[in-house]
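final.txt, holding compact mmCIF, N, CA and C atoms:
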```txt
# COMPACT_ATOMS: atom_id res chain seq x y z
N GLN E 18 33.01 78.16 -44.75
CA GLN E 18 32.87 79.59 -44.92
C GLN E 18 34.24 80.24 -45.06
N VAL E 19 34.22 81.51 -45.42
CA VAL E 19 35.45 82.26 -45.64
C VAL E 19 35.72 83.17 -44.45
N GLN E 20 36.94 83.19 -44.01
CA GLN E 20 37.37 84.14 -42.99
C GLN E 20 38.54 84.94 -43.55
N LEU E 21 38.51 86.24 -43.28
CA LEU E 21 39.56 87.12 -43.77
C LEU E 21 40.44 87.56 -42.60
N HIS E 22 41.75 87.52 -42.84
CA HIS E 22 42.71 87.86 -41.80
C HIS E 22 43.57 89.02 -42.30
N GLU E 23 43.47 90.14 -41.62
CA GLU E 23 44.19 91.35 -42.01
C GLU E 23 45.40 91.55 -41.11
N SER E 24 46.41 92.23 -41.66
CA SER E 24 47.58 92.61 -40.88
C SER E 24 48.23 93.83 -41.52
N GLY E 25 49.09 94.49 -40.76
CA GLY E 25 49.87 95.58 -41.30
C GLY E 25 49.47 96.97 -40.88
N GLY E 26 48.38 97.10 -40.15
CA GLY E 26 47.99 98.43 -39.70
C GLY E 26 48.93 98.93 -38.62
N GLY E 27 48.76 100.19 -38.22
CA GLY E 27 49.60 100.75 -37.18
C GLY E 27 49.58 102.25 -37.22
N GLN E 28 50.54 102.83 -36.55
CA GLN E 28 50.65 104.28 -36.49
C GLN E 28 51.90 104.72 -37.22
N VAL E 29 51.79 105.78 -38.00
CA VAL E 29 52.90 106.28 -38.79
C VAL E 29 52.78 107.79 -38.90
N GLN E 30 53.89 108.44 -39.11
CA GLN E 30 53.86 109.88 -39.30
C GLN E 30 53.47 110.23 -40.73
N ALA E 31 52.94 111.40 -40.91
CA ALA E 31 52.57 111.87 -42.25
C ALA E 31 53.78 111.78 -43.17
N GLY E 32 53.52 111.29 -44.38
CA GLY E 32 54.58 111.09 -45.35
C GLY E 32 55.15 109.69 -45.33
N GLY E 33 54.80 108.93 -44.32
CA GLY E 33 55.30 107.56 -44.19
C GLY E 33 54.52 106.56 -45.01
N SER E 34 54.88 105.29 -44.81
CA SER E 34 54.27 104.21 -45.60
C SER E 34 53.85 103.07 -44.69
N LEU E 35 52.83 102.37 -45.14
CA LEU E 35 52.40 101.13 -44.50
C LEU E 35 51.96 100.17 -45.60
N ARG E 36 52.03 98.89 -45.29
CA ARG E 36 51.55 97.87 -46.22
C ARG E 36 50.55 96.97 -45.49
N LEU E 37 49.35 96.93 -46.01
CA LEU E 37 48.31 96.08 -45.45
C LEU E 37 48.24 94.77 -46.23
N SER E 38 47.97 93.70 -45.49
CA SER E 38 47.82 92.39 -46.12
C SER E 38 46.52 91.76 -45.64
N CYS E 39 45.94 90.96 -46.50
CA CYS E 39 44.71 90.24 -46.14
C CYS E 39 44.73 88.90 -46.85
N GLU E 40 44.43 87.86 -46.09
CA GLU E 40 44.40 86.51 -46.65
C GLU E 40 43.08 85.85 -46.29
N ALA E 41 42.51 85.14 -47.25
CA ALA E 41 41.26 84.42 -47.02
C ALA E 41 41.56 82.97 -46.69
N SER E 42 40.92 82.47 -45.66
CA SER E 42 41.02 81.05 -45.32
C SER E 42 39.72 80.37 -45.71
N GLY E 43 39.75 79.07 -45.84
CA GLY E 43 38.53 78.34 -46.15
C GLY E 43 38.53 77.68 -47.52
N GLY E 44 39.60 77.93 -48.30
CA GLY E 44 39.72 77.22 -49.57
C GLY E 44 38.73 77.64 -50.64
N SER E 45 38.21 78.84 -50.52
CA SER E 45 37.21 79.30 -51.48
C SER E 45 37.85 79.85 -52.74
N ILE E 46 37.09 79.88 -53.81
CA ILE E 46 37.54 80.55 -55.03
C ILE E 46 37.14 82.02 -54.89
N ILE E 47 38.15 82.89 -54.92
CA ILE E 47 37.92 84.32 -54.70
C ILE E 47 37.99 85.06 -56.03
N ALA E 48 37.04 85.94 -56.26
CA ALA E 48 37.05 86.78 -57.45
C ALA E 48 37.42 88.21 -57.03
N GLY E 49 36.44 89.09 -56.93
CA GLY E 49 36.73 90.46 -56.53
C GLY E 49 37.33 90.53 -55.13
N ARG E 50 38.19 91.53 -54.92
CA ARG E 50 38.81 91.72 -53.61
C ARG E 50 39.32 93.14 -53.51
N GLY E 51 39.44 93.64 -52.29
CA GLY E 51 39.95 94.99 -52.16
C GLY E 51 39.90 95.51 -50.75
N TRP E 52 39.98 96.85 -50.66
CA TRP E 52 40.05 97.52 -49.37
C TRP E 52 39.07 98.68 -49.31
N TYR E 53 38.43 98.79 -48.17
CA TYR E 53 37.58 99.92 -47.85
C TYR E 53 38.08 100.51 -46.54
N ARG E 54 37.61 101.70 -46.22
CA ARG E 54 38.01 102.30 -44.94
C ARG E 54 36.86 103.10 -44.36
N GLN E 55 36.91 103.26 -43.05
CA GLN E 55 35.91 104.05 -42.36
C GLN E 55 36.59 104.91 -41.31
N ALA E 56 36.50 106.21 -41.52
CA ALA E 56 37.06 107.17 -40.57
C ALA E 56 36.01 107.48 -39.50
N PRO E 57 36.44 107.95 -38.34
CA PRO E 57 35.48 108.27 -37.28
C PRO E 57 34.41 109.25 -37.75
N GLY E 58 33.16 108.89 -37.53
CA GLY E 58 32.07 109.76 -37.90
C GLY E 58 31.71 109.78 -39.37
N LYS E 59 32.35 108.93 -40.15
CA LYS E 59 32.08 108.89 -41.59
C LYS E 59 31.63 107.51 -42.02
N GLU E 60 31.07 107.44 -43.22
CA GLU E 60 30.63 106.17 -43.76
C GLU E 60 31.83 105.40 -44.34
N ARG E 61 31.66 104.10 -44.45
CA ARG E 61 32.69 103.28 -45.06
C ARG E 61 32.79 103.64 -46.54
N GLU E 62 34.03 103.75 -47.04
CA GLU E 62 34.23 104.14 -48.42
C GLU E 62 35.26 103.24 -49.09
N LEU E 63 35.15 103.16 -50.40
CA LEU E 63 36.10 102.39 -51.18
C LEU E 63 37.47 103.06 -51.14
N VAL E 64 38.51 102.24 -50.97
CA VAL E 64 39.88 102.72 -51.14
C VAL E 64 40.40 102.23 -52.49
N ALA E 65 40.37 100.93 -52.68
CA ALA E 65 40.82 100.33 -53.94
C ALA E 65 40.31 98.90 -53.99
N HIS E 66 39.96 98.46 -55.18
CA HIS E 66 39.59 97.04 -55.30
C HIS E 66 39.77 96.53 -56.72
N PHE E 67 39.91 95.21 -56.80
CA PHE E 67 39.81 94.50 -58.06
C PHE E 67 38.35 94.07 -58.17
N ASN E 68 37.69 94.44 -59.25
CA ASN E 68 36.32 93.96 -59.40
C ASN E 68 36.35 92.51 -59.90
N ASN E 69 35.17 91.92 -60.08
CA ASN E 69 35.10 90.51 -60.43
C ASN E 69 35.70 90.21 -61.79
N LEU E 70 35.91 91.24 -62.61
CA LEU E 70 36.55 91.06 -63.91
C LEU E 70 38.05 91.33 -63.86
N GLY E 71 38.55 91.72 -62.69
CA GLY E 71 39.97 91.95 -62.53
C GLY E 71 40.42 93.38 -62.74
N SER E 72 39.50 94.27 -63.06
CA SER E 72 39.86 95.67 -63.24
C SER E 72 40.06 96.33 -61.88
N ILE E 73 40.98 97.29 -61.82
CA ILE E 73 41.29 97.98 -60.57
C ILE E 73 40.58 99.32 -60.53
N VAL E 74 40.00 99.61 -59.39
CA VAL E 74 39.37 100.90 -59.15
C VAL E 74 40.01 101.51 -57.91
N TYR E 75 40.42 102.76 -58.01
CA TYR E 75 40.98 103.50 -56.86
C TYR E 75 40.07 104.68 -56.54
N ALA E 76 39.98 105.00 -55.26
CA ALA E 76 39.35 106.25 -54.87
C ALA E 76 40.24 107.39 -55.35
N ASP E 77 39.63 108.50 -55.76
CA ASP E 77 40.42 109.63 -56.24
C ASP E 77 41.41 110.12 -55.18
N SER E 78 41.03 110.02 -53.94
CA SER E 78 41.86 110.56 -52.86
C SER E 78 43.16 109.78 -52.64
N VAL E 79 43.25 108.56 -53.20
CA VAL E 79 44.46 107.75 -52.98
C VAL E 79 45.24 107.49 -54.26
N LYS E 80 44.73 107.92 -55.38
CA LYS E 80 45.41 107.68 -56.65
C LYS E 80 46.81 108.27 -56.63
N GLY E 81 47.77 107.48 -57.09
CA GLY E 81 49.16 107.93 -57.11
C GLY E 81 49.90 107.71 -55.81
N ARG E 82 49.19 107.36 -54.75
CA ARG E 82 49.83 107.13 -53.45
C ARG E 82 49.69 105.68 -52.99
N PHE E 83 48.56 105.07 -53.28
CA PHE E 83 48.28 103.69 -52.85
C PHE E 83 48.33 102.77 -54.05
N THR E 84 48.78 101.54 -53.80
CA THR E 84 48.82 100.53 -54.85
C THR E 84 48.24 99.23 -54.31
N ILE E 85 47.25 98.71 -55.02
CA ILE E 85 46.67 97.43 -54.63
C ILE E 85 47.29 96.32 -55.47
N SER E 86 47.48 95.18 -54.86
CA SER E 86 48.00 94.03 -55.58
C SER E 86 47.39 92.76 -54.99
N ARG E 87 47.61 91.65 -55.66
CA ARG E 87 47.00 90.41 -55.18
C ARG E 87 47.86 89.21 -55.58
N ASP E 88 47.60 88.11 -54.90
CA ASP E 88 48.20 86.83 -55.26
C ASP E 88 47.05 85.84 -55.35
N ASN E 89 46.64 85.53 -56.55
CA ASN E 89 45.47 84.67 -56.73
C ASN E 89 45.69 83.27 -56.15
N ALA E 90 46.92 82.78 -56.24
CA ALA E 90 47.21 81.43 -55.75
C ALA E 90 47.05 81.34 -54.23
N LYS E 91 47.24 82.47 -53.55
CA LYS E 91 47.17 82.47 -52.09
C LYS E 91 45.90 83.13 -51.57
N ASN E 92 45.02 83.57 -52.45
CA ASN E 92 43.80 84.28 -52.02
C ASN E 92 44.13 85.45 -51.10
N THR E 93 45.05 86.26 -51.55
CA THR E 93 45.45 87.42 -50.77
C THR E 93 45.24 88.72 -51.54
N VAL E 94 45.22 89.79 -50.81
CA VAL E 94 45.20 91.13 -51.40
C VAL E 94 46.04 92.03 -50.50
N TYR E 95 46.74 92.94 -51.13
CA TYR E 95 47.65 93.82 -50.42
C TYR E 95 47.33 95.28 -50.77
N LEU E 96 47.72 96.17 -49.87
CA LEU E 96 47.57 97.59 -50.13
C LEU E 96 48.85 98.29 -49.66
N GLN E 97 49.63 98.75 -50.61
CA GLN E 97 50.81 99.54 -50.29
C GLN E 97 50.40 101.00 -50.22
N MET E 98 50.61 101.61 -49.07
CA MET E 98 50.17 102.99 -48.85
C MET E 98 51.41 103.85 -48.63
N ASN E 99 51.64 104.77 -49.56
CA ASN E 99 52.77 105.69 -49.47
C ASN E 99 52.26 107.12 -49.30
N SER E 100 53.16 107.99 -48.89
CA SER E 100 52.83 109.41 -48.72
C SER E 100 51.55 109.58 -47.92
N LEU E 101 51.49 108.89 -46.81
CA LEU E 101 50.28 108.90 -46.00
C LEU E 101 50.00 110.29 -45.44
N LYS E 102 48.71 110.61 -45.35
CA LYS E 102 48.25 111.88 -44.83
C LYS E 102 47.38 111.64 -43.61
N SER E 103 47.19 112.67 -42.81
CA SER E 103 46.37 112.52 -41.61
C SER E 103 44.95 112.10 -41.98
N GLU E 104 44.47 112.54 -43.14
CA GLU E 104 43.11 112.18 -43.55
C GLU E 104 42.98 110.72 -43.99
N ASP E 105 44.09 110.01 -44.04
CA ASP E 105 44.03 108.56 -44.32
C ASP E 105 43.76 107.76 -43.05
N THR E 106 43.75 108.43 -41.91
CA THR E 106 43.47 107.76 -40.64
C THR E 106 42.07 107.16 -40.67
N ALA E 107 41.99 105.86 -40.43
CA ALA E 107 40.71 105.16 -40.50
C ALA E 107 40.92 103.70 -40.10
N VAL E 108 39.82 103.01 -39.99
CA VAL E 108 39.88 101.55 -39.90
C VAL E 108 39.76 101.02 -41.33
N TYR E 109 40.70 100.20 -41.73
CA TYR E 109 40.73 99.66 -43.08
C TYR E 109 40.21 98.22 -43.06
N TYR E 110 39.27 97.96 -43.97
CA TYR E 110 38.62 96.65 -44.05
C TYR E 110 38.95 95.96 -45.36
N CYS E 111 39.32 94.73 -45.24
CA CYS E 111 39.53 93.89 -46.41
C CYS E 111 38.18 93.34 -46.87
N TRP E 112 38.01 93.22 -48.17
CA TRP E 112 36.76 92.71 -48.75
C TRP E 112 37.11 91.72 -49.84
N MET E 113 36.40 90.60 -49.86
CA MET E 113 36.58 89.61 -50.91
C MET E 113 35.24 89.01 -51.29
N TYR E 114 35.11 88.68 -52.58
CA TYR E 114 33.90 88.03 -53.05
C TYR E 114 34.22 86.58 -53.35
N SER E 115 33.48 85.69 -52.69
CA SER E 115 33.69 84.26 -52.88
C SER E 115 32.76 83.75 -53.98
N VAL E 116 33.39 83.23 -55.04
CA VAL E 116 32.61 82.60 -56.10
C VAL E 116 32.00 81.29 -55.60
N SER E 117 32.74 80.63 -54.73
CA SER E 117 32.28 79.33 -54.20
C SER E 117 30.98 79.47 -53.42
N TYR E 118 30.86 80.53 -52.63
CA TYR E 118 29.68 80.73 -51.78
C TYR E 118 28.73 81.79 -52.31
N GLY E 119 29.14 82.49 -53.34
CA GLY E 119 28.26 83.48 -53.94
C GLY E 119 27.95 84.67 -53.06
N GLN E 120 28.92 85.08 -52.24
CA GLN E 120 28.70 86.23 -51.39
C GLN E 120 30.03 86.89 -51.03
N ALA E 121 29.90 88.12 -50.52
CA ALA E 121 31.07 88.88 -50.13
C ALA E 121 31.34 88.72 -48.64
N TYR E 122 32.61 88.86 -48.28
CA TYR E 122 33.03 88.76 -46.89
C TYR E 122 33.88 89.97 -46.53
N TRP E 123 33.83 90.31 -45.24
CA TRP E 123 34.62 91.44 -44.72
C TRP E 123 35.56 90.96 -43.63
N GLY E 124 36.75 91.57 -43.58
CA GLY E 124 37.65 91.33 -42.48
C GLY E 124 37.22 92.14 -41.26
N PRO E 125 37.83 91.88 -40.11
CA PRO E 125 37.46 92.59 -38.88
C PRO E 125 37.93 94.03 -38.85
N GLY E 126 38.85 94.41 -39.73
CA GLY E 126 39.36 95.77 -39.77
C GLY E 126 40.70 95.91 -39.08
N THR E 127 41.53 96.79 -39.61
CA THR E 127 42.82 97.09 -39.01
C THR E 127 42.99 98.61 -38.97
N HIS E 128 43.46 99.09 -37.83
CA HIS E 128 43.55 100.53 -37.63
C HIS E 128 44.80 101.11 -38.28
N VAL E 129 44.62 102.21 -38.96
CA VAL E 129 45.72 102.99 -39.51
C VAL E 129 45.59 104.40 -38.95
N THR E 130 46.64 104.84 -38.27
CA THR E 130 46.66 106.19 -37.70
C THR E 130 47.85 106.94 -38.25
N VAL E 131 47.58 108.08 -38.86
CA VAL E 131 48.64 108.91 -39.44
C VAL E 131 48.69 110.20 -38.65
N SER E 132 49.81 110.45 -38.03
CA SER E 132 49.97 111.65 -37.22
C SER E 132 50.72 112.72 -38.01
N SER E 133 50.27 113.93 -37.84
CA SER E 133 50.90 115.04 -38.59
C SER E 133 51.97 115.73 -37.76
```

Here is the file; what I need is its structure written in the form of structure tokens.
Amino acid sequence: QVQLHESGGGQVQAGGSLRLSCEASGGSIIAGRGWYRQAPGKERELVAHFNNLGSIVYADSVKGRFTISRDNAKNTVYLQMNSLKSEDTAVYYCWMYSVSYGQAYWGPGTHVTVSS
């Protein structure tokens, strides 16, 4: 099976930057991958992802501030977050789709807190 390991969350002041990383273990072939987030009292929402065809989709709220990237050889996905705002405070979840197992997997989540 696939396990996702996230890192890079933390607390930062508004205007600051953080970089999230996620790596899949288990030797699976990974296609789509990306990041979602869930703020307190809200539903989980897309932040950015590569779909199974490799196209990138960003939420409107993060366009121009966040950049998603990946390393296919390492089954990783990254999220560079700049110009952070208090409304970016949430638990960020890594998501990957395993071609080998034909299903999607979620990481345990990493907290991002932006103080104003």

Extract, using only N, CA and C atoms, all DNA, RNA and protein residues at most 6 Å from E:Ile85, discarding same-chain residues fewer than 3 positions from it, and format them as a VMD selection string. chain E and resid 95 to 97

- Of the candidates E:Trp123, E:Cys39, E:Arg50, E:Gly32, which one gets nearest to E:Lys91 if we count only N, CA and C atoms?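 Nearest to E:Lys91: E:Cys39.
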
In chain E, DSSP strand (DSSP E) residues written as a ChimeraX atom specification: /E:20-24,27-30,35-42,47-55,62-67,73-75,83-88,93-98,107-115,120-123,127-132

Checklist entry - Which of these residues is nearest to E:Val79, using only C-alpha atoms: E:Ile47, E:Ser100, E:Thr93, E:Glu60? => result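 The shortest atom-to-atom distance to E:Val79 comes from E:Ser100.
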
Quote the spacing between atom CA of E:Ala121 and atom C of E:Ser38 in Å to one decimal place.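 One can read the atom CA of E:Ala121 to atom C of E:Ser38 distance as 16.3 Å.
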
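Counting from atom N of E:Pro57, the distance to atom C of E:Lys102 is 12.7 Å.
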
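Closest approach to E:Lys80 among E:Ala65, E:Ser42, E:Gly33, E:Leu21 is made by E:Ala65 (distances from only C-alpha atoms).
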
- Query: For E:Glu40, which of E:Ser132, E:Ser78, E:Gln55, E:Asn89 is the closest residue, counting only C-alpha atoms?
  - Reply: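 Closest to E:Glu40 of all the choices is E:Asn89.
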
Worksheet item: How many Å separate atom CA of E:Asn68 from atom C of E:Gly124?
Response: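 We find that atom CA of E:Asn68 and atom C of E:Gly124 lie 18.3 Å from each other.
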
### E:His66 surroundings by all atoms listed in the file, 7 Å radius, close-in-sequence under 2 positions cut, as JSON, numbers by chain
{"E": [49, 50, 51, 52, 63, 64, 68, 71, 72, 73, 74, 75, 76, 85]}

Could you turn the residues from that selection into a file that holds N, CA and C atoms, as a PDB file, in the coordinates of the input?
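Generated file (selection_2.pdb):
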```pdb
ATOM      1  N   GLY E  49      36.440  89.090 -56.930  1.00  0.00           N
ATOM      2  CA  GLY E  49      36.730  90.460 -56.530  1.00  0.00           C
ATOM      3  C   GLY E  49      37.330  90.530 -55.130  1.00  0.00           C
ATOM      4  N   ARG E  50      38.190  91.530 -54.920  1.00  0.00           N
ATOM      5  CA  ARG E  50      38.810  91.720 -53.610  1.00  0.00           C
ATOM      6  C   ARG E  50      39.320  93.140 -53.510  1.00  0.00           C
ATOM      7  N   GLY E  51      39.440  93.640 -52.290  1.00  0.00           N
ATOM      8  CA  GLY E  51      39.950  94.990 -52.160  1.00  0.00           C
ATOM      9  C   GLY E  51      39.900  95.510 -50.750  1.00  0.00           C
ATOM     10  N   TRP E  52      39.980  96.850 -50.660  1.00  0.00           N
ATOM     11  CA  TRP E  52      40.050  97.520 -49.370  1.00  0.00           C
ATOM     12  C   TRP E  52      39.070  98.680 -49.310  1.00  0.00           C
ATOM     13  N   LEU E  63      35.150 103.160 -50.400  1.00  0.00           N
ATOM     14  CA  LEU E  63      36.100 102.390 -51.180  1.00  0.00           C
ATOM     15  C   LEU E  63      37.470 103.060 -51.140  1.00  0.00           C
ATOM     16  N   VAL E  64      38.510 102.240 -50.970  1.00  0.00           N
ATOM     17  CA  VAL E  64      39.880 102.720 -51.140  1.00  0.00           C
ATOM     18  C   VAL E  64      40.400 102.230 -52.490  1.00  0.00           C
ATOM     19  N   ASN E  68      37.690  94.440 -59.250  1.00  0.00           N
ATOM     20  CA  ASN E  68      36.320  93.960 -59.400  1.00  0.00           C
ATOM     21  C   ASN E  68      36.350  92.510 -59.900  1.00  0.00           C
ATOM     22  N   GLY E  71      38.550  91.720 -62.690  1.00  0.00           N
ATOM     23  CA  GLY E  71      39.970  91.950 -62.530  1.00  0.00           C
ATOM     24  C   GLY E  71      40.420  93.380 -62.740  1.00  0.00           C
ATOM     25  N   SER E  72      39.500  94.270 -63.060  1.00  0.00           N
ATOM     26  CA  SER E  72      39.860  95.670 -63.240  1.00  0.00           C
ATOM     27  C   SER E  72      40.060  96.330 -61.880  1.00  0.00           C
ATOM     28  N   ILE E  73      40.980  97.290 -61.820  1.00  0.00           N
ATOM     29  CA  ILE E  73      41.290  97.980 -60.570  1.00  0.00           C
ATOM     30  C   ILE E  73      40.580  99.320 -60.530  1.00  0.00           C
ATOM     31  N   VAL E  74      40.000  99.610 -59.390  1.00  0.00           N
ATOM     32  CA  VAL E  74      39.370 100.900 -59.150  1.00  0.00           C
ATOM     33  C   VAL E  74      40.010 101.510 -57.910  1.00  0.00           C
ATOM     34  N   TYR E  75      40.420 102.760 -58.010  1.00  0.00           N
ATOM     35  CA  TYR E  75      40.980 103.500 -56.860  1.00  0.00           C
ATOM     36  C   TYR E  75      40.070 104.680 -56.540  1.00  0.00           C
ATOM     37  N   ALA E  76      39.980 105.000 -55.260  1.00  0.00           N
ATOM     38  CA  ALA E  76      39.350 106.250 -54.870  1.00  0.00           C
ATOM     39  C   ALA E  76      40.240 107.390 -55.350  1.00  0.00           C
ATOM     40  N   ILE E  85      47.250  98.710 -55.020  1.00  0.00           N
ATOM     41  CA  ILE E  85      46.670  97.430 -54.630  1.00  0.00           C
ATOM     42  C   ILE E  85      47.290  96.320 -55.470  1.00  0.00           C
TER      43      ILE E  85
END
```

Inset, instruction - Report as a list in words: the residues of stretch 40-127 of chain E with a DSSP assignment of helix (DSSP H, G or I), based on the backbone of this structure. - result: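 Filtering stretch 40-127 of chain E to helix (DSSP H, G or I) leaves Asp77, Ser78, Val79, Asn89, Ala90, Lys91, Ser103, Glu104 and Asp105 of chain E.
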
Using all atoms listed in the file, the best pick from E:Phe67, E:Phe83, E:Tyr109, E:Tyr53 as closest to E:Val129 would be E:Tyr109

Neighbours of point (53.3, 109.1, -37.1) within 6.5 Å, using all atoms listed in the file, written as an MDAnalysis selection string: chainID E and resid 28:31 130:133

Exercise for review: Would you mind telling me which residue in E:Ser45, E:Ser34, E:Ser24, E:Gln18 lies nearest to E:Leu101 when using all atoms listed in the file?
Suggested key: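 Closest to E:Leu101 of all the choices is E:Ser34.
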
_Taking 6 positions as the minimum chain separation for residues in the same chain, which residues sit within 12 Å of E:Gly43 when counting only C-alpha atoms? Answer as a PyMOL selection string._
chain E and resi 18-22+91-92+115+117-118+122
